[in-house]
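This is my_file28.pdb (PDB, C-alpha atoms, pLDDT in the B column).
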ATOM      1  CA  MET L   1     -91.743  16.824   9.625  1.00 53.00           C
ATOM      2  CA  ASN L   2     -94.726  18.885   8.594  1.00 56.00           C
ATOM      3  CA  ARG L   3     -94.075  21.260  11.477  1.00 56.00           C
ATOM      4  CA  ILE L   4     -90.499  21.932  10.336  1.00 56.00           C
ATOM      5  CA  VAL L   5     -91.566  22.577   6.743  1.00 55.00           C
ATOM      6  CA  LEU L   6     -94.342  24.837   7.897  1.00 52.00           C
ATOM      7  CA  LYS L   7     -91.974  26.859  10.089  1.00 60.00           C
ATOM      8  CA  TYR L   8     -89.435  27.097   7.308  1.00 62.00           C
ATOM      9  CA  SER L   9     -92.031  28.314   4.834  1.00 63.00           C
ATOM     10  CA  MET L  10     -93.280  30.901   7.332  1.00 63.00           C
ATOM     11  CA  LEU L  11     -89.759  32.093   7.936  1.00 58.00           C
ATOM     12  CA  ARG L  12     -89.132  32.361   4.220  1.00 62.00           C
ATOM     13  CA  ARG L  13     -92.266  34.421   3.709  1.00 63.00           C
ATOM     14  CA  LEU L  14     -91.341  36.720   6.577  1.00 59.00           C
ATOM     15  CA  SER L  15     -87.785  37.243   5.411  1.00 57.00           C
ATOM     16  CA  THR L  16     -88.851  38.191   1.884  1.00 58.00           C
ATOM     17  CA  SER L  17     -91.425  40.678   3.159  1.00 57.00           C
ATOM     18  CA  LEU L  18     -88.864  42.454   5.363  1.00 58.00           C
ATOM     19  CA  VAL L  19     -86.504  43.538   2.596  1.00 58.00           C
ATOM     20  CA  MET L  20     -84.991  46.975   3.255  1.00 57.00           C
ATOM     21  CA  PRO L  21     -85.219  49.531   0.457  1.00 61.00           C
ATOM     22  CA  LYS L  22     -81.946  50.384  -1.260  1.00 64.00           C
ATOM     23  CA  LYS L  23     -80.419  53.826  -0.908  1.00 65.00           C
ATOM     24  CA  SER L  24     -80.122  55.909  -4.003  1.00 60.00           C
ATOM     25  CA  SER L  25     -76.658  56.352  -5.453  1.00 57.00           C
ATOM     26  CA  SER L  26     -76.966  60.153  -5.365  1.00 52.00           C
ATOM     27  CA  SER L  27     -76.808  60.225  -1.545  1.00 48.00           C
ATOM     28  CA  LYS L  28     -73.422  58.504  -1.605  1.00 50.00           C
ATOM     29  CA  ASN L  29     -71.941  61.156  -3.876  1.00 49.00           C
ATOM     30  CA  ILE L  30     -73.168  64.004  -1.672  1.00 46.00           C
ATOM     31  CA  ASN L  31     -71.574  62.503   1.448  1.00 47.00           C
ATOM     32  CA  ALA L  32     -68.295  61.872  -0.348  1.00 45.00           C
ATOM     33  CA  LYS L  33     -68.034  65.531  -1.376  1.00 42.00           C
ATOM     34  CA  THR L  34     -68.808  66.994   2.059  1.00 42.00           C
ATOM     35  CA  GLU L  35     -66.259  64.968   4.045  1.00 40.00           C
ATOM     36  CA  PRO L  36     -62.607  65.874   3.466  1.00 43.00           C
ATOM     37  CA  GLU L  37     -60.462  62.893   2.620  1.00 45.00           C
ATOM     38  CA  THR L  38     -57.594  61.783   4.836  1.00 48.00           C
ATOM     39  CA  LYS L  39     -54.431  61.425   2.795  1.00 51.00           C
ATOM     40  CA  GLN L  40     -52.435  58.946   4.868  1.00 56.00           C
ATOM     41  CA  THR L  41     -49.480  57.925   2.771  1.00 59.00           C
ATOM     42  CA  GLY L  42     -46.186  57.591   4.581  1.00 84.00           C
ATOM     43  CA  CYS L  43     -45.206  58.917   7.961  1.00 92.00           C
ATOM     44  CA  VAL L  44     -46.496  62.495   7.438  1.00 94.00           C
ATOM     45  CA  TYR L  45     -50.111  63.120   6.415  1.00 94.00           C
ATOM     46  CA  ASN L  46     -53.113  65.419   6.898  1.00 94.00           C
ATOM     47  CA  ASP L  47     -56.034  64.387   9.078  1.00 93.00           C
ATOM     48  CA  LYS L  48     -59.682  65.251   8.391  1.00 93.00           C
ATOM     49  CA  LYS L  49     -59.388  68.631  10.131  1.00 93.00           C
ATOM     50  CA  GLY L  50     -56.345  69.664   8.096  1.00 93.00           C
ATOM     51  CA  ASN L  51     -53.774  69.136  10.853  1.00 95.00           C
ATOM     52  CA  VAL L  52     -50.417  67.668   9.891  1.00 96.00           C
ATOM     53  CA  MET L  53     -49.869  64.306  11.589  1.00 96.00           C
ATOM     54  CA  ILE L  54     -46.386  62.815  12.034  1.00 96.00           C
ATOM     55  CA  ARG L  55     -45.835  59.177  12.995  1.00 97.00           C
ATOM     56  CA  VAL L  56     -42.775  58.887  15.230  1.00 96.00           C
ATOM     57  CA  MET L  57     -40.777  55.896  16.416  1.00 96.00           C
ATOM     58  CA  ALA L  58     -39.181  57.312  19.583  1.00 95.00           C
ATOM     59  CA  LYS L  59     -35.995  56.018  21.171  1.00 95.00           C
ATOM     60  CA  PRO L  60     -35.710  57.633  24.626  1.00 94.00           C
ATOM     61  CA  GLY L  61     -32.569  57.659  26.734  1.00 93.00           C
ATOM     62  CA  ALA L  62     -30.162  58.484  23.877  1.00 94.00           C
ATOM     63  CA  LYS L  63     -27.065  60.687  24.170  1.00 94.00           C
ATOM     64  CA  THR L  64     -28.371  63.389  21.838  1.00 94.00           C
ATOM     65  CA  ASN L  65     -31.600  64.482  20.198  1.00 95.00           C
ATOM     66  CA  GLN L  66     -31.558  63.607  16.510  1.00 95.00           C
ATOM     67  CA  ILE L  67     -33.571  62.147  13.672  1.00 95.00           C
ATOM     68  CA  THR L  68     -32.250  58.714  12.786  1.00 94.00           C
ATOM     69  CA  GLY L  69     -34.300  57.957   9.689  1.00 92.00           C
ATOM     70  CA  LEU L  70     -37.428  58.354   7.607  1.00 93.00           C
ATOM     71  CA  THR L  71     -39.467  55.286   6.654  1.00 91.00           C
ATOM     72  CA  GLU L  72     -43.079  54.545   5.723  1.00 91.00           C
ATOM     73  CA  GLU L  73     -43.722  53.381   9.311  1.00 92.00           C
ATOM     74  CA  GLY L  74     -42.523  56.608  10.894  1.00 94.00           C
ATOM     75  CA  VAL L  75     -39.776  59.077  11.653  1.00 95.00           C
ATOM     76  CA  GLY L  76     -37.048  57.580  13.851  1.00 95.00           C
ATOM     77  CA  VAL L  77     -36.138  60.039  16.608  1.00 96.00           C
ATOM     78  CA  GLN L  78     -33.590  59.652  19.410  1.00 96.00           C
ATOM     79  CA  ILE L  79     -34.509  61.614  22.534  1.00 95.00           C
ATOM     80  CA  ASN L  80     -32.081  62.721  25.235  1.00 95.00           C
ATOM     81  CA  ALA L  81     -34.511  62.190  28.116  1.00 94.00           C
ATOM     82  CA  PRO L  82     -35.567  59.188  30.169  1.00 93.00           C
ATOM     83  CA  PRO L  83     -39.023  57.691  29.576  1.00 91.00           C
ATOM     84  CA  VAL L  84     -40.168  58.663  33.076  1.00 92.00           C
ATOM     85  CA  ASP L  85     -43.082  60.953  33.999  1.00 91.00           C
ATOM     86  CA  GLY L  86     -43.532  62.147  30.404  1.00 91.00           C
ATOM     87  CA  GLU L  87     -40.072  63.730  30.203  1.00 94.00           C
ATOM     88  CA  ALA L  88     -39.280  62.058  26.887  1.00 95.00           C
ATOM     89  CA  ASN L  89     -42.654  63.133  25.438  1.00 95.00           C
ATOM     90  CA  SER L  90     -42.156  66.795  26.337  1.00 95.00           C
ATOM     91  CA  GLU L  91     -38.577  66.680  25.029  1.00 96.00           C
ATOM     92  CA  LEU L  92     -39.840  65.103  21.788  1.00 96.00           C
ATOM     93  CA  VAL L  93     -42.415  67.880  21.293  1.00 96.00           C
ATOM     94  CA  LYS L  94     -39.773  70.533  22.017  1.00 96.00           C
ATOM     95  CA  PHE L  95     -37.245  68.922  19.647  1.00 96.00           C
ATOM     96  CA  MET L  96     -39.729  68.469  16.789  1.00 96.00           C
ATOM     97  CA  SER L  97     -40.995  72.055  17.097  1.00 95.00           C
ATOM     98  CA  GLY L  98     -37.381  73.207  16.746  1.00 95.00           C
ATOM     99  CA  ILE L  99     -36.786  70.998  13.702  1.00 95.00           C
ATOM    100  CA  LEU L 100     -40.005  72.197  12.033  1.00 95.00           C
ATOM    101  CA  ASP L 101     -39.354  75.825  13.065  1.00 95.00           C
ATOM    102  CA  VAL L 102     -42.823  76.300  14.570  1.00 95.00           C
ATOM    103  CA  ARG L 103     -44.033  77.364  18.019  1.00 96.00           C
ATOM    104  CA  LYS L 104     -43.929  74.681  20.682  1.00 95.00           C
ATOM    105  CA  SER L 105     -47.653  75.197  21.282  1.00 95.00           C
ATOM    106  CA  ALA L 106     -48.371  74.258  17.640  1.00 95.00           C
ATOM    107  CA  VAL L 107     -46.999  70.724  18.188  1.00 96.00           C
ATOM    108  CA  SER L 108     -48.749  68.263  20.498  1.00 96.00           C
ATOM    109  CA  LEU L 109     -48.699  64.560  21.239  1.00 96.00           C
ATOM    110  CA  ASP L 110     -51.829  62.993  19.731  1.00 95.00           C
ATOM    111  CA  LYS L 111     -51.318  59.263  20.415  1.00 95.00           C
ATOM    112  CA  GLY L 112     -48.809  56.995  22.113  1.00 94.00           C
ATOM    113  CA  ALA L 113     -48.024  58.691  25.436  1.00 93.00           C
ATOM    114  CA  LYS L 114     -46.781  55.394  26.883  1.00 93.00           C
ATOM    115  CA  SER L 115     -45.580  53.784  23.657  1.00 94.00           C
ATOM    116  CA  ARG L 116     -42.554  54.131  21.410  1.00 93.00           C
ATOM    117  CA  GLN L 117     -44.856  54.505  18.410  1.00 96.00           C
ATOM    118  CA  LYS L 118     -46.291  57.997  18.738  1.00 96.00           C
ATOM    119  CA  THR L 119     -48.289  60.403  16.609  1.00 96.00           C
ATOM    120  CA  LEU L 120     -47.571  64.115  16.768  1.00 96.00           C
ATOM    121  CA  GLN L 121     -50.087  66.708  15.622  1.00 96.00           C
ATOM    122  CA  VAL L 122     -49.099  70.068  14.131  1.00 96.00           C
ATOM    123  CA  THR L 123     -51.906  72.636  14.139  1.00 93.00           C
ATOM    124  CA  SER L 124     -53.501  73.245  10.749  1.00 89.00           C
ATOM    125  CA  GLY L 125     -52.354  76.268   8.784  1.00 90.00           C
ATOM    126  CA  VAL L 126     -48.947  76.468  10.451  1.00 90.00           C
ATOM    127  CA  ILE L 127     -47.012  74.230   8.056  1.00 94.00           C
ATOM    128  CA  SER L 128     -47.795  71.919   5.125  1.00 93.00           C
ATOM    129  CA  VAL L 129     -47.023  68.224   4.683  1.00 94.00           C
ATOM    130  CA  ASP L 130     -44.468  68.990   1.966  1.00 94.00           C
ATOM    131  CA  GLU L 131     -42.636  71.509   4.174  1.00 94.00           C
ATOM    132  CA  VAL L 132     -42.555  69.014   7.059  1.00 94.00           C
ATOM    133  CA  MET L 133     -41.090  66.299   4.818  1.00 93.00           C
ATOM    134  CA  GLU L 134     -38.490  68.701   3.454  1.00 94.00           C
ATOM    135  CA  LYS L 135     -37.374  69.804   6.939  1.00 94.00           C
ATOM    136  CA  LEU L 136     -37.280  66.240   8.249  1.00 93.00           C
ATOM    137  CA  LYS L 137     -35.155  65.102   5.296  1.00 93.00           C
ATOM    138  CA  LYS L 138     -32.732  68.002   5.808  1.00 92.00           C
ATOM    139  CA  SER L 139     -32.294  67.248   9.492  1.00 90.00           C
ATOM    140  CA  SER L 140     -31.905  63.493   8.941  1.00 86.00           C
ATOM    141  CA  ASP L 141     -29.085  64.093   6.419  1.00 82.00           C
ATOM    142  CA  LYS L 142     -26.931  65.907   8.992  1.00 69.00           C
TER     143      LYS L 142
END
Rewrite the structure from the file as structure tokens, please.
Amino acid sequence: MNRIVLKYSMLRRLSTSLVMPKKSSSSKNINAKTEPETKQTGCVYNDKKGNVMIRVMAKPGAKTNQITGLTEEGVGVQINAPPVDGEANSELVKFMSGILDVRKSAVSLDKGAKSRQKTLQVTSGVISVDEVMEKLKKSSDK
């Protein structure tokens, strides 16, 4: 029993001597100001680099290309292309660039190449989040 107590007391002494110094609160404020914040509310948001990101719930193999709805989870989009060899992805990028009235090269698939939940990226400076939401709402009302 003496051995266990001795080891415990040694451990306790060691652990109290190895306390890490606390960071000053001023360093936290500097880091918070230098990094741009990501405003990710809803299906359209800006990333850290200023690009506009659009969450899409794709439905390939439909009769026509159209936006079916806007929700917090994403923009519902029907695509008139089969989900084979990336045909639906390229058709989605082409369709969304037409809806947003931007060059096709400004829109790219960021995430979800093999999933129905995708994220599209629109190059920064081309269009704002508010303009994207306005154009998506107009096209979903048709």
Which residue gives the smallest distance to L:Leu136 among L:Leu100, L:Arg116, L:Ala58, L:Gly50, with all atoms listed in the file counted?
L:Leu100
For stretch 67-79 of chain L, work out the shell of residues within 6 Å, counting all atoms listed in the file and skipping chain neighbours fewer than 6 positions away, then give it as a list in words.
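Result of the neighbour search: Gly42, Cys43, Arg55, Val56, Met57, Ala58, Lys59, Pro60 and Ser140 of chain L.
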Taking into account all atoms listed in the file, which residue in the set L:Thr64, L:Ser139, L:Ser90, L:Asn80 is nearest to L:Leu120?
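Looking at the shortest contact to L:Leu120, the residue is L:Ser90.
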Enclose the full set of atoms of stretch 73-81 of chain L listed in the file within a box whose edges lie along x, y and z, apply 3 Å of padding to each of the six sides, and report centre and edge lengths in Å to one decimal as lines of an AutoDock Vina configuration file.
center_x = -37.9
center_y = 58.1
center_z = 18.7
size_x = 17.6
size_y = 15.3
size_z = 24.8
In Å, how far is it from atom CA of L:Lys114 to atom CA of L:Glu134?
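A separation of 28.2 Å between them.
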Taking all atoms listed in the file into account, name the residue in L:Val126, L:Gln117, L:Asp47, L:Asn65 that is nearest to L:Lys94.
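Counting all atoms listed in the file, the residue closest to L:Lys94 is L:Asn65.
Put simply, atom CA of L:Lys138 is 20.1 Å away from atom CA of L:Glu91.
For the point (-46.9, 72.8, 11.2), the residues with an atom at a distance of at most 8 Å are Asn51, Val52, Leu100, Val102, Ala106, Val107, Val122, Thr123, Ser124, Gly125, Val126, Ile127, Ser128, Val129 and Val132 of chain L, counting only C-alpha atoms.
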At what distance in Å, to one decimal, does atom CA of L:Ala62 lie from atom CA of L:Pro82?
8.3 Å
I need the residue nearest L:Gly112 from this list: L:Lys135, L:Gly86, L:Met96, L:Lys48. Use only C-alpha atoms for the distance.
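For L:Gly112, the nearest of the candidates is L:Gly86.
The nearest approach to L:Lys104 among the residues L:Val44, L:Met133, L:Met53, L:Leu92, with only C-alpha atoms taken into account, belongs to L:Leu92.
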Using all atoms listed in the file, which of L:Ser108, L:Gly61, L:Asp101, L:Asp130 sits nearest L:Glu87?
L:Gly61
